[in-house]
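Source file: final.cif (mmCIF, C-alpha atoms)
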```cif
data_upload
#
loop_
_atom_site.label_atom_id
_atom_site.label_comp_id
_atom_site.auth_asym_id
_atom_site.auth_seq_id
_atom_site.Cartn_x
_atom_site.Cartn_y
_atom_site.Cartn_z
CA MET A 24 7.85 17.16 17.03
CA ARG A 25 6.14 17.92 13.72
CA ALA A 26 3.57 15.48 12.37
CA LEU A 27 0.79 15.31 9.80
CA THR A 28 -2.61 15.20 11.47
CA TRP A 29 -6.09 14.39 10.20
CA GLN A 30 -8.63 17.13 10.95
CA GLY A 31 -11.58 16.11 8.77
CA THR A 32 -12.52 15.17 5.23
CA GLN A 33 -9.80 16.45 2.89
CA ASP A 34 -8.30 18.45 5.75
CA VAL A 35 -4.83 17.38 6.90
CA ARG A 36 -2.35 19.66 8.65
CA VAL A 37 1.25 19.53 9.85
CA GLU A 38 1.24 20.45 13.53
CA THR A 39 3.52 20.39 16.54
CA VAL A 40 2.58 17.44 18.75
CA ASP A 41 4.06 15.62 21.73
CA ASP A 42 7.14 13.48 21.13
CA PRO A 43 6.51 9.72 21.37
CA GLU A 44 7.79 7.87 24.43
CA ILE A 45 8.59 4.28 25.32
CA VAL A 46 5.41 2.76 26.80
CA ASN A 47 6.17 -0.98 26.85
CA PRO A 48 9.47 -2.89 27.11
CA ARG A 49 9.20 -4.12 23.49
CA ASP A 50 8.81 -0.58 22.09
CA ALA A 51 11.31 1.37 20.05
CA ILE A 52 11.37 5.00 18.95
CA ILE A 53 12.26 5.61 15.31
CA ARG A 54 13.46 8.88 13.83
CA VAL A 55 11.68 8.88 10.48
CA THR A 56 13.93 9.49 7.47
CA SER A 57 11.39 8.68 4.73
CA THR A 58 7.63 8.18 4.74
CA ALA A 59 5.19 7.83 1.86
CA ILE A 60 1.59 8.68 1.10
CA CYS A 61 -0.31 5.46 0.31
CA GLY A 62 -3.36 5.10 -1.90
CA SER A 63 -5.25 3.77 1.11
CA ASP A 64 -4.37 7.00 2.96
CA LEU A 65 -6.69 8.70 0.48
CA HIS A 66 -9.59 6.68 1.91
CA LEU A 67 -8.90 8.48 5.21
CA TYR A 68 -8.44 11.78 3.40
CA ASP A 69 -11.80 11.33 1.64
CA GLY A 70 -13.57 10.41 4.87
CA VAL A 71 -14.73 6.93 3.85
CA ILE A 72 -12.99 5.12 6.72
CA PRO A 73 -14.79 5.51 10.08
CA ALA A 74 -13.40 6.05 13.58
CA MET A 75 -11.03 8.92 12.79
CA THR A 76 -10.54 11.68 15.37
CA PRO A 77 -9.19 15.19 14.67
CA GLY A 78 -5.52 15.22 15.61
CA ASP A 79 -4.81 11.59 14.63
CA ILE A 80 -1.32 11.25 13.13
CA LEU A 81 -1.38 9.63 9.69
CA GLY A 82 1.00 7.36 7.80
CA HIS A 83 1.80 3.66 7.65
CA GLU A 84 4.65 3.53 5.10
CA PHE A 85 7.81 4.67 6.84
CA MET A 86 11.38 3.87 7.78
CA GLY A 87 14.11 5.48 9.79
CA GLU A 88 16.79 5.25 12.44
CA VAL A 89 16.39 3.66 15.86
CA VAL A 90 16.98 6.31 18.54
CA GLU A 91 15.58 4.68 21.68
CA THR A 92 14.65 1.14 22.71
CA GLY A 93 12.70 -0.54 25.46
CA SER A 94 14.36 -3.14 27.63
CA ALA A 95 12.93 -6.07 25.61
CA SER A 96 13.52 -4.67 22.11
CA THR A 97 16.04 -6.52 19.94
CA LEU A 98 16.89 -3.38 17.97
CA GLN A 99 19.97 -1.26 18.58
CA LYS A 100 20.34 2.50 18.47
CA GLY A 101 21.61 3.69 15.11
CA GLN A 102 20.17 0.83 13.06
CA ARG A 103 18.20 1.70 9.93
CA VAL A 104 14.90 -0.13 9.79
CA VAL A 105 11.82 -0.44 7.61
CA VAL A 106 8.64 -0.89 9.63
CA PRO A 107 5.74 -3.07 8.35
CA PHE A 108 2.36 -1.33 8.38
CA PRO A 109 0.54 -4.09 10.36
CA ILE A 110 1.49 -4.30 14.02
CA SER A 111 2.08 -7.91 15.06
CA CYS A 112 2.96 -9.49 18.40
CA GLY A 113 4.75 -12.53 16.93
CA SER A 114 3.37 -15.03 19.42
CA CYS A 115 -0.42 -15.35 18.95
CA PHE A 116 -1.99 -18.14 16.86
CA HIS A 117 -2.11 -16.09 13.66
CA CYS A 118 1.41 -14.70 14.00
CA ARG A 119 2.76 -18.23 14.59
CA ILE A 120 1.30 -19.34 11.23
CA THR A 121 2.64 -16.15 9.56
CA GLN A 122 -0.78 -14.51 9.19
CA TYR A 123 0.69 -11.38 10.73
CA SER A 124 -2.01 -8.95 9.61
CA ALA A 125 -4.54 -10.99 11.63
CA CYS A 126 -2.62 -10.56 14.91
CA GLU A 127 -4.88 -11.02 17.92
CA ASN A 128 -2.93 -8.87 20.37
CA SER A 129 -1.91 -5.65 18.61
CA ASN A 130 -5.31 -3.94 18.63
CA PRO A 131 -5.99 -2.79 22.22
CA VAL A 132 -9.03 -4.41 23.84
CA GLU A 133 -10.80 -1.09 24.26
CA LYS A 134 -10.59 -0.49 20.48
CA GLN A 135 -11.65 -3.95 19.29
CA ASP A 136 -15.45 -3.59 19.43
CA MET A 137 -15.59 -1.27 16.43
CA SER A 138 -14.14 -3.72 13.91
CA GLU A 139 -15.55 -6.83 15.61
CA LYS A 140 -19.10 -5.57 15.03
CA LEU A 141 -18.33 -4.99 11.35
CA TYR A 142 -16.28 -8.08 10.54
CA GLY A 143 -17.02 -10.67 13.22
CA TYR A 144 -13.47 -10.46 14.60
CA PRO A 145 -11.36 -7.46 15.60
CA MET A 146 -8.76 -6.16 13.17
CA ALA A 147 -5.06 -6.15 13.96
CA GLY A 148 -3.31 -2.91 14.80
CA ILE A 149 -2.16 -0.69 11.92
CA PHE A 150 -0.09 2.49 12.12
CA GLY A 151 -1.98 5.71 11.44
CA TYR A 152 -5.19 4.11 10.21
CA SER A 153 -8.15 4.99 12.44
CA HIS A 154 -9.20 3.83 15.88
CA MET A 155 -10.68 0.65 14.40
CA THR A 156 -7.10 -0.53 14.01
CA GLY A 157 -5.91 0.62 17.40
CA GLY A 158 -5.58 4.37 17.06
CA TYR A 159 -1.79 4.14 16.76
CA SER A 160 0.10 7.27 15.73
CA GLY A 161 1.43 6.94 12.21
CA GLY A 162 4.78 7.56 10.59
CA GLN A 163 4.15 10.79 8.66
CA ALA A 164 6.01 12.49 11.47
CA GLU A 165 9.51 13.20 12.68
CA TYR A 166 9.40 10.36 15.21
CA VAL A 167 7.16 7.36 15.84
CA ARG A 168 6.74 4.75 18.56
CA VAL A 169 6.94 1.18 17.21
CA PRO A 170 5.30 -1.48 19.42
CA PHE A 171 6.57 -5.07 19.27
CA SER A 172 9.82 -3.80 17.78
CA ASP A 173 11.40 -7.21 18.33
CA VAL A 174 9.02 -8.65 15.71
CA GLY A 175 8.20 -6.08 13.04
CA PRO A 176 11.05 -3.88 11.76
CA ILE A 177 13.64 -5.27 9.36
CA VAL A 178 17.18 -3.90 9.56
CA VAL A 179 18.40 -2.70 6.17
CA PRO A 180 22.04 -2.40 5.11
CA ASP A 181 23.58 1.05 4.75
CA HIS A 182 24.53 0.51 1.09
CA LEU A 183 20.83 0.57 0.16
CA GLU A 184 19.26 4.02 0.05
CA ASP A 185 15.86 4.81 1.54
CA ASP A 186 14.19 4.97 -1.88
CA GLN A 187 15.22 1.41 -2.65
CA VAL A 188 13.74 -0.14 0.50
CA LEU A 189 11.02 2.20 1.80
CA PHE A 190 8.24 0.34 0.00
CA LEU A 191 9.01 -2.86 1.90
CA SER A 192 6.78 -1.25 4.53
CA ASP A 193 3.61 -1.95 2.52
CA ILE A 194 3.12 -1.63 -1.22
CA LEU A 195 5.88 -3.94 -2.48
CA PRO A 196 4.84 -6.88 -0.23
CA THR A 197 1.21 -6.05 -1.03
CA GLY A 198 1.84 -6.30 -4.76
CA TRP A 199 3.84 -9.50 -4.22
CA MET A 200 1.14 -11.13 -2.07
CA ALA A 201 -1.47 -10.09 -4.65
CA ALA A 202 0.44 -11.98 -7.33
CA GLU A 203 1.03 -14.92 -4.98
CA ASN A 204 -2.71 -15.08 -4.20
CA ALA A 205 -3.36 -15.30 -7.93
CA GLU A 206 -1.37 -18.57 -7.97
CA ILE A 207 0.44 -17.60 -11.15
CA GLY A 208 1.80 -20.36 -13.37
CA PRO A 209 4.29 -20.12 -16.27
CA ASP A 210 1.61 -20.22 -18.99
CA ASP A 211 -0.83 -17.84 -17.28
CA THR A 212 -2.33 -14.65 -18.60
CA VAL A 213 -3.00 -12.26 -15.73
CA ALA A 214 -5.11 -9.08 -15.82
CA VAL A 215 -4.50 -6.32 -13.25
CA TRP A 216 -7.10 -3.63 -12.60
CA GLY A 217 -5.43 -0.41 -11.44
CA CYS A 218 -1.94 0.88 -12.24
CA GLY A 219 -1.40 2.73 -9.01
CA PRO A 220 1.54 1.76 -6.79
CA VAL A 221 0.14 -1.62 -5.67
CA GLY A 222 -1.05 -2.46 -9.18
CA LEU A 223 2.36 -1.68 -10.68
CA PHE A 224 4.13 -3.80 -8.08
CA ALA A 225 1.60 -6.60 -8.67
CA ILE A 226 2.45 -6.42 -12.38
CA GLN A 227 6.18 -6.50 -11.63
CA SER A 228 5.71 -9.39 -9.19
CA ALA A 229 3.58 -11.40 -11.62
CA LEU A 230 6.28 -11.12 -14.26
CA VAL A 231 9.00 -12.10 -11.78
CA MET A 232 6.85 -15.13 -10.85
CA GLY A 233 6.82 -16.20 -14.49
CA ALA A 234 3.46 -15.12 -15.92
CA ALA A 235 3.38 -15.53 -19.69
CA GLU A 236 1.46 -12.30 -20.14
CA VAL A 237 0.24 -9.49 -17.89
CA ILE A 238 -2.46 -7.06 -18.99
CA ALA A 239 -2.79 -3.74 -17.14
CA ILE A 240 -6.13 -1.89 -17.01
CA ASP A 241 -6.41 1.79 -16.11
CA HIS A 242 -7.31 5.14 -17.71
CA TYR A 243 -4.34 7.31 -16.77
CA PRO A 244 -1.89 7.48 -19.73
CA HIS A 245 1.31 7.84 -17.69
CA ARG A 246 0.41 4.98 -15.37
CA LEU A 247 -0.36 2.78 -18.36
CA GLU A 248 2.99 3.79 -19.82
CA LEU A 249 4.76 2.73 -16.61
CA ALA A 250 2.97 -0.64 -16.78
CA LYS A 251 4.02 -1.02 -20.40
CA LYS A 252 7.66 -0.35 -19.55
CA LEU A 253 7.48 -3.06 -16.90
CA GLY A 254 6.47 -5.49 -19.64
CA ALA A 255 2.66 -5.46 -19.50
CA LYS A 256 0.15 -5.02 -22.29
CA THR A 257 -2.34 -2.26 -21.56
CA ILE A 258 -6.05 -1.44 -21.82
CA ASN A 259 -7.55 2.01 -21.33
CA PHE A 260 -10.99 1.28 -19.87
CA ARG A 261 -12.33 4.68 -20.95
CA THR A 262 -11.79 3.92 -24.63
CA THR A 263 -12.00 0.12 -24.77
CA ASP A 264 -14.54 -2.55 -23.83
CA VAL A 265 -12.43 -4.36 -21.22
CA ARG A 266 -14.10 -7.79 -21.32
CA GLU A 267 -14.14 -7.86 -25.09
CA ALA A 268 -10.46 -6.86 -25.26
CA LEU A 269 -9.46 -9.47 -22.68
CA MET A 270 -11.25 -12.23 -24.59
CA GLU A 271 -9.46 -11.22 -27.78
CA MET A 272 -6.07 -10.95 -26.06
CA SER A 273 -6.48 -14.38 -24.44
CA GLY A 274 -7.47 -16.19 -27.61
CA GLY A 275 -11.14 -16.41 -26.62
CA ILE A 276 -10.44 -18.45 -23.45
CA GLY A 277 -10.36 -15.63 -20.92
CA VAL A 278 -7.60 -14.64 -18.54
CA ASP A 279 -6.42 -17.21 -15.98
CA ALA A 280 -6.17 -14.83 -13.03
CA VAL A 281 -7.31 -11.32 -12.19
CA ILE A 282 -6.06 -8.84 -9.59
CA ASP A 283 -8.19 -5.99 -8.25
CA ALA A 284 -5.67 -3.36 -7.16
CA VAL A 285 -8.27 -0.57 -7.09
CA GLY A 286 -10.46 -1.09 -4.04
CA MET A 287 -13.37 0.82 -2.57
CA GLU A 288 -13.14 4.06 -4.55
CA ALA A 289 -13.22 2.62 -8.07
CA HIS A 290 -13.92 4.82 -11.08
CA GLY A 291 -16.29 3.85 -13.87
CA PHE A 292 -19.31 4.82 -15.91
CA ALA A 293 -21.51 1.79 -15.17
CA ILE A 294 -24.82 2.74 -13.56
CA ASP A 295 -24.12 0.70 -10.42
CA ASN A 296 -20.83 2.54 -9.86
CA ILE A 297 -22.49 5.93 -10.35
CA LEU A 298 -25.04 5.01 -7.69
CA ASP A 299 -22.30 3.75 -5.35
CA VAL A 300 -20.45 7.08 -5.74
CA ALA A 301 -23.59 8.94 -4.71
CA LYS A 302 -24.22 6.68 -1.71
CA GLN A 303 -20.61 6.94 -0.54
CA LYS A 304 -20.78 10.75 -0.66
CA VAL A 305 -23.91 10.94 1.50
CA GLY A 306 -22.47 8.57 4.07
CA ILE A 307 -24.39 5.36 3.44
CA GLY A 308 -21.01 3.66 3.27
CA ALA A 309 -21.28 1.47 0.18
CA ASP A 310 -17.89 0.47 -1.24
CA ARG A 311 -17.51 1.24 -4.93
CA ALA A 312 -16.52 -2.21 -6.19
CA SER A 313 -16.89 -1.82 -9.95
CA ALA A 314 -13.32 -3.01 -10.62
CA LEU A 315 -13.85 -6.18 -8.58
CA LYS A 316 -17.19 -6.90 -10.24
CA GLN A 317 -15.65 -6.44 -13.67
CA ALA A 318 -12.72 -8.70 -12.77
CA ILE A 319 -15.01 -11.50 -11.59
CA LEU A 320 -17.01 -11.36 -14.82
CA ALA A 321 -13.86 -11.23 -16.98
CA VAL A 322 -11.83 -14.12 -15.53
CA ARG A 323 -12.23 -17.52 -17.18
CA PRO A 324 -14.23 -20.32 -15.49
CA GLY A 325 -12.05 -22.01 -12.89
CA GLY A 326 -9.88 -18.91 -12.65
CA ARG A 327 -8.43 -17.09 -9.65
CA VAL A 328 -9.37 -13.70 -8.23
CA SER A 329 -6.87 -11.81 -6.06
CA MET A 330 -8.11 -8.72 -4.23
CA PRO A 331 -5.42 -6.55 -2.63
CA GLY A 332 -7.59 -3.44 -3.09
CA VAL A 333 -8.88 -2.10 0.24
CA TYR A 334 -12.58 -2.47 1.06
CA GLY A 335 -14.13 -1.41 4.33
CA GLY A 336 -17.86 -2.03 4.31
CA MET A 337 -20.61 -3.42 2.11
CA THR A 338 -21.20 -3.37 -1.63
CA ASP A 339 -24.36 -3.66 -3.70
CA LYS A 340 -25.09 -5.87 -6.69
CA PHE A 341 -22.15 -8.20 -6.09
CA PRO A 342 -21.93 -10.96 -8.76
CA LEU A 343 -22.03 -13.81 -6.26
CA GLY A 344 -23.64 -16.09 -8.82
CA ALA A 345 -20.74 -15.61 -11.24
CA LEU A 346 -18.26 -16.37 -8.46
CA MET A 347 -19.98 -19.66 -7.70
CA GLU A 348 -21.17 -20.78 -11.13
CA LYS A 349 -17.76 -20.17 -12.71
CA GLY A 350 -15.99 -22.05 -9.90
CA LEU A 351 -13.70 -19.14 -9.03
CA GLN A 352 -11.27 -18.83 -6.15
CA LEU A 353 -11.16 -15.49 -4.31
CA ARG A 354 -8.23 -14.63 -2.04
CA THR A 355 -7.71 -11.34 -0.27
CA GLY A 356 -6.65 -9.76 2.99
CA GLN A 357 -4.40 -7.17 4.54
CA THR A 358 -0.82 -8.03 3.65
CA HIS A 359 1.24 -10.29 5.93
CA VAL A 360 4.19 -7.98 5.36
CA HIS A 361 6.59 -9.68 7.78
CA ARG A 362 6.31 -12.97 5.82
CA TYR A 363 7.90 -11.45 2.70
CA LEU A 364 10.49 -8.99 3.99
CA ALA A 365 13.67 -11.07 3.86
CA ASP A 366 12.95 -12.49 0.39
CA LEU A 367 11.99 -9.13 -1.12
CA LEU A 368 14.99 -7.38 0.44
CA ALA A 369 17.21 -10.00 -1.23
CA LYS A 370 15.47 -9.39 -4.57
CA ILE A 371 16.10 -5.66 -4.22
CA GLU A 372 19.75 -6.25 -3.39
CA ASP A 373 20.36 -8.56 -6.36
CA GLY A 374 18.52 -6.26 -8.80
CA THR A 375 15.56 -8.55 -9.53
CA ILE A 376 13.15 -5.88 -8.31
CA ASP A 377 13.49 -2.11 -8.68
CA THR A 378 11.13 0.10 -6.67
CA THR A 379 12.60 3.53 -7.38
CA PHE A 380 10.85 4.04 -10.73
CA LEU A 381 7.57 4.64 -8.91
CA ILE A 382 8.60 7.82 -7.07
CA SER A 383 7.43 10.95 -8.85
CA HIS A 384 7.77 13.51 -6.05
CA ARG A 385 9.74 14.05 -2.86
CA LEU A 386 8.42 16.73 -0.54
CA PRO A 387 9.34 18.04 2.89
CA LEU A 388 7.03 16.78 5.62
CA GLU A 389 5.80 20.36 5.99
CA GLU A 390 4.32 20.15 2.49
CA ALA A 391 2.41 16.93 3.15
CA PRO A 392 -1.04 18.58 2.72
CA ARG A 393 -0.04 19.61 -0.80
CA GLY A 394 1.19 16.09 -1.41
CA TYR A 395 -2.17 14.62 -0.39
CA LYS A 396 -4.12 17.07 -2.55
CA ASN A 397 -2.05 16.41 -5.66
CA PHE A 398 -1.80 12.65 -5.08
CA LYS A 399 -5.61 12.61 -5.14
CA GLU A 400 -6.26 15.12 -7.89
CA GLU A 401 -3.26 14.54 -10.21
CA GLN A 402 -2.99 10.77 -10.08
CA ASP A 403 -1.51 10.41 -13.54
CA SER A 404 1.58 12.51 -12.81
CA TRP A 405 1.80 12.15 -9.01
CA THR A 406 2.39 8.39 -8.99
CA LYS A 407 4.06 8.24 -5.57
CA VAL A 408 4.91 10.90 -3.00
CA VAL A 409 7.74 10.42 -0.50
CA LEU A 410 7.84 12.82 2.44
CA LYS A 411 11.18 13.72 4.01
CA PRO A 412 11.15 15.08 7.59
CA GLY A 413 13.85 17.73 7.90
CA MET A 414 13.97 18.45 4.17
CA ALA A 415 13.91 22.18 3.41
CA ALA A 416 10.63 23.52 2.06
CA SER A 417 10.65 23.92 -1.73
CA SER A 418 10.53 27.39 -3.24
CA GLY A 419 8.99 26.31 -6.54
CA SER A 420 5.66 24.82 -7.45
CA GLY A 421 6.73 21.24 -6.99
CA SER A 422 9.58 19.05 -5.77
CA LYS A 423 10.20 16.44 -8.42
CA ALA A 424 12.00 13.15 -8.09
CA ILE A 425 15.75 13.21 -8.51
CA GLY A 426 17.06 11.13 -11.38
CA GLY A 427 15.03 8.79 -13.57
CA SER A 428 11.42 7.94 -12.86
CA GLU A 429 10.95 5.06 -15.30
CA PRO A 430 11.09 1.33 -14.53
CA ARG A 431 14.17 -0.71 -15.24
CA SER A 432 13.97 -3.97 -17.09
CA ILE A 433 12.98 -6.88 -14.85
CA ALA A 434 16.40 -8.37 -15.56
CA ALA A 435 18.28 -5.21 -14.58
CA SER A 436 21.35 -6.07 -12.56
CA THR A 437 21.89 -2.73 -10.87
CA LEU A 438 19.73 -0.21 -9.09
CA SER A 439 19.92 3.57 -9.16
CA LEU A 440 21.02 5.22 -5.95
CA VAL A 441 18.82 8.28 -5.98
CA GLN A 442 19.32 9.91 -2.63
CA ASN A 443 22.28 10.49 -0.39
CA SER A 444 21.14 12.60 2.53
CA ALA A 445 23.20 12.54 5.72
CA ARG A 446 21.40 11.37 8.84
CA PRO A 447 21.57 13.91 11.68
CA ALA A 448 22.27 12.78 15.20
CA PRO A 449 19.21 11.57 17.13
CA ARG A 450 17.73 13.76 19.85
CA TRP A 451 17.75 10.91 22.42
#
```
Translate this structure into structure tokens?
Amino acid sequence: MRALTWQGTQDVRVETVDDPEIVNPRDAIIRVTSTAICGSDLHLYDGVIPAMTPGDILGHEFMGEVVETGSASTLQKGQRVVVPFPISCGSCFHCRITQYSACENSNPVEKQDMSEKLYGYPMAGIFGYSHMTGGYSGGQAEYVRVPFSDVGPIVVPDHLEDDQVLFLSDILPTGWMAAENAEIGPDDTVAVWGCGPVGLFAIQSALVMGAAEVIAIDHYPHRLELAKKLGAKTINFRTTDVREALMEMSGGIGVDAVIDAVGMEAHGFAIDNILDVAKQKVGIGADRASALKQAILAVRPGGRVSMPGVYGGMTDKFPLGALMEKGLQLRTGQTHVHRYLADLLAKIEDGTIDTTFLISHRLPLEEAPRGYKNFKEEQDSWTKVVLKPGMAASSGSGSKAIGGSEPRSIAASTLSLVQNSARPAPRW
């Protein structure tokens, strides 16, 4: 089969690799119909996540058709499923209390030492995201093996197109959990750092949850425009003093909750961020946490800090005193995707949430390296890239999204159906 492989820093290639096979009775094989490039994939692309090996298959946002099942799988051939990015067994202590991204059994024992030394406990398994998380092959491929298929994948109805449900795999539940972790109330003002995919879904989720006002902070004009069309007020951090603007916009009280949807590769001109950029480039491994630091200083005393942005190591000059002296709550973590799937699928079906506005480009899987390069270097216009295995290679300079690429009103009652590709027969 064809699959996107990691070969080194900013070096990804589509290669022919072995087809996946059933290994355990609870496995299933999925023929991938849509897969997306995630912002956290860029951390792998940039070489800031350790334990990658040349040839590793990337991708943790994917969906497709079931083509083969193990004897203990509850899936059936021909079903369309979206697969959560964390791999969860469903029966360990953490899975039983719906903390699925902390699963104790999905990361193989021989892989656990790497993350246990860093974090005190081993990480759960994640598709296509380094050997610290199990070394599982990812979904930016024609086919993928899904372990614990009786627990993870959600079957989606045929009347919903891939574009409407693909982001249930990661970024929509991540944005929702980010807003949930902010404990949003009806009178709250919420500030969101980062208008990438997770930030935009956090904004949308906060408004659905009833926030009185959401303020989006970024420096890319198109992303800020997308946030504005969702219903947020906006701040361009390159032209505006963020803390001063937030105080003015909140009547001098400060915002009630903040969400860091940026993570370890934050941009910024502050001297500490410039130093962190330098250290990250020479391999010292410091996370660039300027967005999180700014959020902690900006939130009002007694406020809430939600951190869906990905961090992997250590950070310098962390405002621990501000966190304590202001009496702040900080909640974070990899998303417990399984916990939210049924509710979010219902919200997509009834029109409460629209995810299709985010997609700027659809590319054949064969053009994935170009998708990575542009998603990194042209972040204002390449807001989200969906890869389509089997799609013919484009002859022009870019494959743009079909139909509209702007958000609907939160109250929109219908969703656009933006793709209608026939599904070929499975090879199995």
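One distance worth recording is that between atom CA of A:Asp310 and atom CA of A:Val285, which is 11.3 Å.
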inquiry  = Which residues are near stretch 220-234 of chain A? Cut-off 10 Å, all atoms listed in the file, ignore same chain within fewer than 5 positions. Put them as number ranges by chain.
reply    = A: 61-62, 190, 193-203, 205-215, 239-241, 246-247, 249-251, 253-255, 282-285, 331-332, 375-378, 381-382, 406-407, 430, 432-434
request  = Work out how far atom CA of A:Val178 is from atom CA of A:Asn47, in Å to one decimal.
outcome  =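 These two atoms are separated by 20.7 Å.
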message = Which polymer residues, whether protein, DNA or RNA, lie within 10 Å of the coordinate (-15.0, -19.2, -7.1) when you count all atoms listed in the file? List them as a PyMOL selection string, using the chain letters and numbers from the file.
response = chain A and resi 319+324-328+343-354
request  = Find, counting all atoms listed in the file, the residue in A:His117, A:Arg54, A:Arg311, A:Lys399 that gets nearest to A:Glu165.
outcome  =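 Looking only at the distances to A:Glu165, the closest residue turns out to be A:Arg54.
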key: the PyMOL selection byres ((chain A and resi 73) around 12) resolved against shown file, as a ChimeraX atom specification   = /A:31-32,66-72,74-76,137-138,141,152-156,158,306-308,335-336
With C-alpha atoms kept, could you save the residues just selected as a PDB file, in the frame of the given file?
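New file out.pdb:
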```
ATOM      1  CA  GLY A  31     -11.580  16.110   8.770  1.00  0.00           C
ATOM      2  CA  THR A  32     -12.520  15.170   5.230  1.00  0.00           C
ATOM      3  CA  HIS A  66      -9.590   6.680   1.910  1.00  0.00           C
ATOM      4  CA  LEU A  67      -8.900   8.480   5.210  1.00  0.00           C
ATOM      5  CA  TYR A  68      -8.440  11.780   3.400  1.00  0.00           C
ATOM      6  CA  ASP A  69     -11.800  11.330   1.640  1.00  0.00           C
ATOM      7  CA  GLY A  70     -13.570  10.410   4.870  1.00  0.00           C
ATOM      8  CA  VAL A  71     -14.730   6.930   3.850  1.00  0.00           C
ATOM      9  CA  ILE A  72     -12.990   5.120   6.720  1.00  0.00           C
ATOM     10  CA  ALA A  74     -13.400   6.050  13.580  1.00  0.00           C
ATOM     11  CA  MET A  75     -11.030   8.920  12.790  1.00  0.00           C
ATOM     12  CA  THR A  76     -10.540  11.680  15.370  1.00  0.00           C
ATOM     13  CA  MET A 137     -15.590  -1.270  16.430  1.00  0.00           C
ATOM     14  CA  SER A 138     -14.140  -3.720  13.910  1.00  0.00           C
ATOM     15  CA  LEU A 141     -18.330  -4.990  11.350  1.00  0.00           C
ATOM     16  CA  TYR A 152      -5.190   4.110  10.210  1.00  0.00           C
ATOM     17  CA  SER A 153      -8.150   4.990  12.440  1.00  0.00           C
ATOM     18  CA  HIS A 154      -9.200   3.830  15.880  1.00  0.00           C
ATOM     19  CA  MET A 155     -10.680   0.650  14.400  1.00  0.00           C
ATOM     20  CA  THR A 156      -7.100  -0.530  14.010  1.00  0.00           C
ATOM     21  CA  GLY A 158      -5.580   4.370  17.060  1.00  0.00           C
ATOM     22  CA  GLY A 306     -22.470   8.570   4.070  1.00  0.00           C
ATOM     23  CA  ILE A 307     -24.390   5.360   3.440  1.00  0.00           C
ATOM     24  CA  GLY A 308     -21.010   3.660   3.270  1.00  0.00           C
ATOM     25  CA  GLY A 335     -14.130  -1.410   4.330  1.00  0.00           C
ATOM     26  CA  GLY A 336     -17.860  -2.030   4.310  1.00  0.00           C
TER      27      GLY A 336
END
```
Let me know the centre plus edge lengths, in Å and rounded to one decimal, of a box with edges along x, y and z that contains all listed atoms of stretch 216-230 of chain A and is padded by 4 Å on every side, as AutoDock Vina command-line options.
```
--center_x -0.4 --center_y -4.3 --center_z -10.0 --size_x 21.4 --size_y 22.1 --size_z 16.6
```
request  = Considering all atoms listed in the file, state which residue in the set A:Arg49, A:His384, A:His359, A:Arg25 is at the smallest distance from A:Phe398.
outcome  =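 So, comparing all the options, the nearest one is A:His384.
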inquiry  = Between A:Cys112, A:Tyr144, A:Ala26, A:His242, which residue has the minimum interatomic distance to A:Leu410, considering only C-alpha atoms?
reply    = A:Ala26
key: Option closest in space to A:Ala314, from A:Gly217, A:Pro43, A:Gly374, A:Pro392 [counting all atoms listed in the file]   =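 Selected residue with least distance to A:Ala314: A:Gly217.
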task = Can you give me, as an MDAnalysis selection string, the residues this file yields under the PyMOL selection byres ((chain A and resi 170) around 10)?
result = chainID A and resid 45:52 93 96 110:112 129 148 150 159 167:169 171:176
query = Within 9 Å of A:Val104, counting all atoms listed in the file, which residues qualify if same-chain residues fewer than 2 places away don't, as a VMD selection string?
reply = chain A and resid 53 86 to 89 102 106 176 to 180
query = So which one's closest to A:Ser329, A:Gly286, A:Gly101, A:Gly275, A:Gly113? Using all atoms listed in the file, please.
reply = A:Gly286
message = Report, in Å with one decimal, the straight-line distance from atom CA of A:Glu38 to atom CA of A:Lys100.
response =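 Those two atoms sit 26.7 Å apart.
Counting only C-alpha atoms, the residue from A:Glu372, A:Leu315, A:Lys134, A:Arg362 that sits nearest to A:His182 is A:Glu372.
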Quick one: stretch 92-98 of chain A with N, CA and C atoms, as a PDB file, in the frame of the given file?
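And here is the file that came out, rebuild.pdb:
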```
ATOM      1  N   THR A  92      15.230   2.482  22.639  1.00  0.00           N
ATOM      2  CA  THR A  92      14.650   1.140  22.710  1.00  0.00           C
ATOM      3  C   THR A  92      14.184   0.820  24.112  1.00  0.00           C
ATOM      4  N   GLY A  93      13.111   0.014  24.192  1.00  0.00           N
ATOM      5  CA  GLY A  93      12.700  -0.540  25.460  1.00  0.00           C
ATOM      6  C   GLY A  93      13.598  -1.685  25.874  1.00  0.00           C
ATOM      7  N   SER A  94      13.445  -2.136  27.089  1.00  0.00           N
ATOM      8  CA  SER A  94      14.360  -3.140  27.630  1.00  0.00           C
ATOM      9  C   SER A  94      14.250  -4.491  26.929  1.00  0.00           C
ATOM     10  N   ALA A  95      13.110  -4.784  26.273  1.00  0.00           N
ATOM     11  CA  ALA A  95      12.930  -6.070  25.610  1.00  0.00           C
ATOM     12  C   ALA A  95      13.040  -5.973  24.087  1.00  0.00           C
ATOM     13  N   SER A  96      13.347  -4.813  23.560  1.00  0.00           N
ATOM     14  CA  SER A  96      13.520  -4.670  22.110  1.00  0.00           C
ATOM     15  C   SER A  96      14.822  -5.330  21.677  1.00  0.00           C
ATOM     16  N   THR A  97      14.825  -5.913  20.497  1.00  0.00           N
ATOM     17  CA  THR A  97      16.040  -6.520  19.940  1.00  0.00           C
ATOM     18  C   THR A  97      16.784  -5.553  19.014  1.00  0.00           C
ATOM     19  N   LEU A  98      16.236  -4.363  18.824  1.00  0.00           N
ATOM     20  CA  LEU A  98      16.890  -3.380  17.970  1.00  0.00           C
ATOM     21  C   LEU A  98      17.986  -2.650  18.733  1.00  0.00           C
TER      22      LEU A  98
END
```
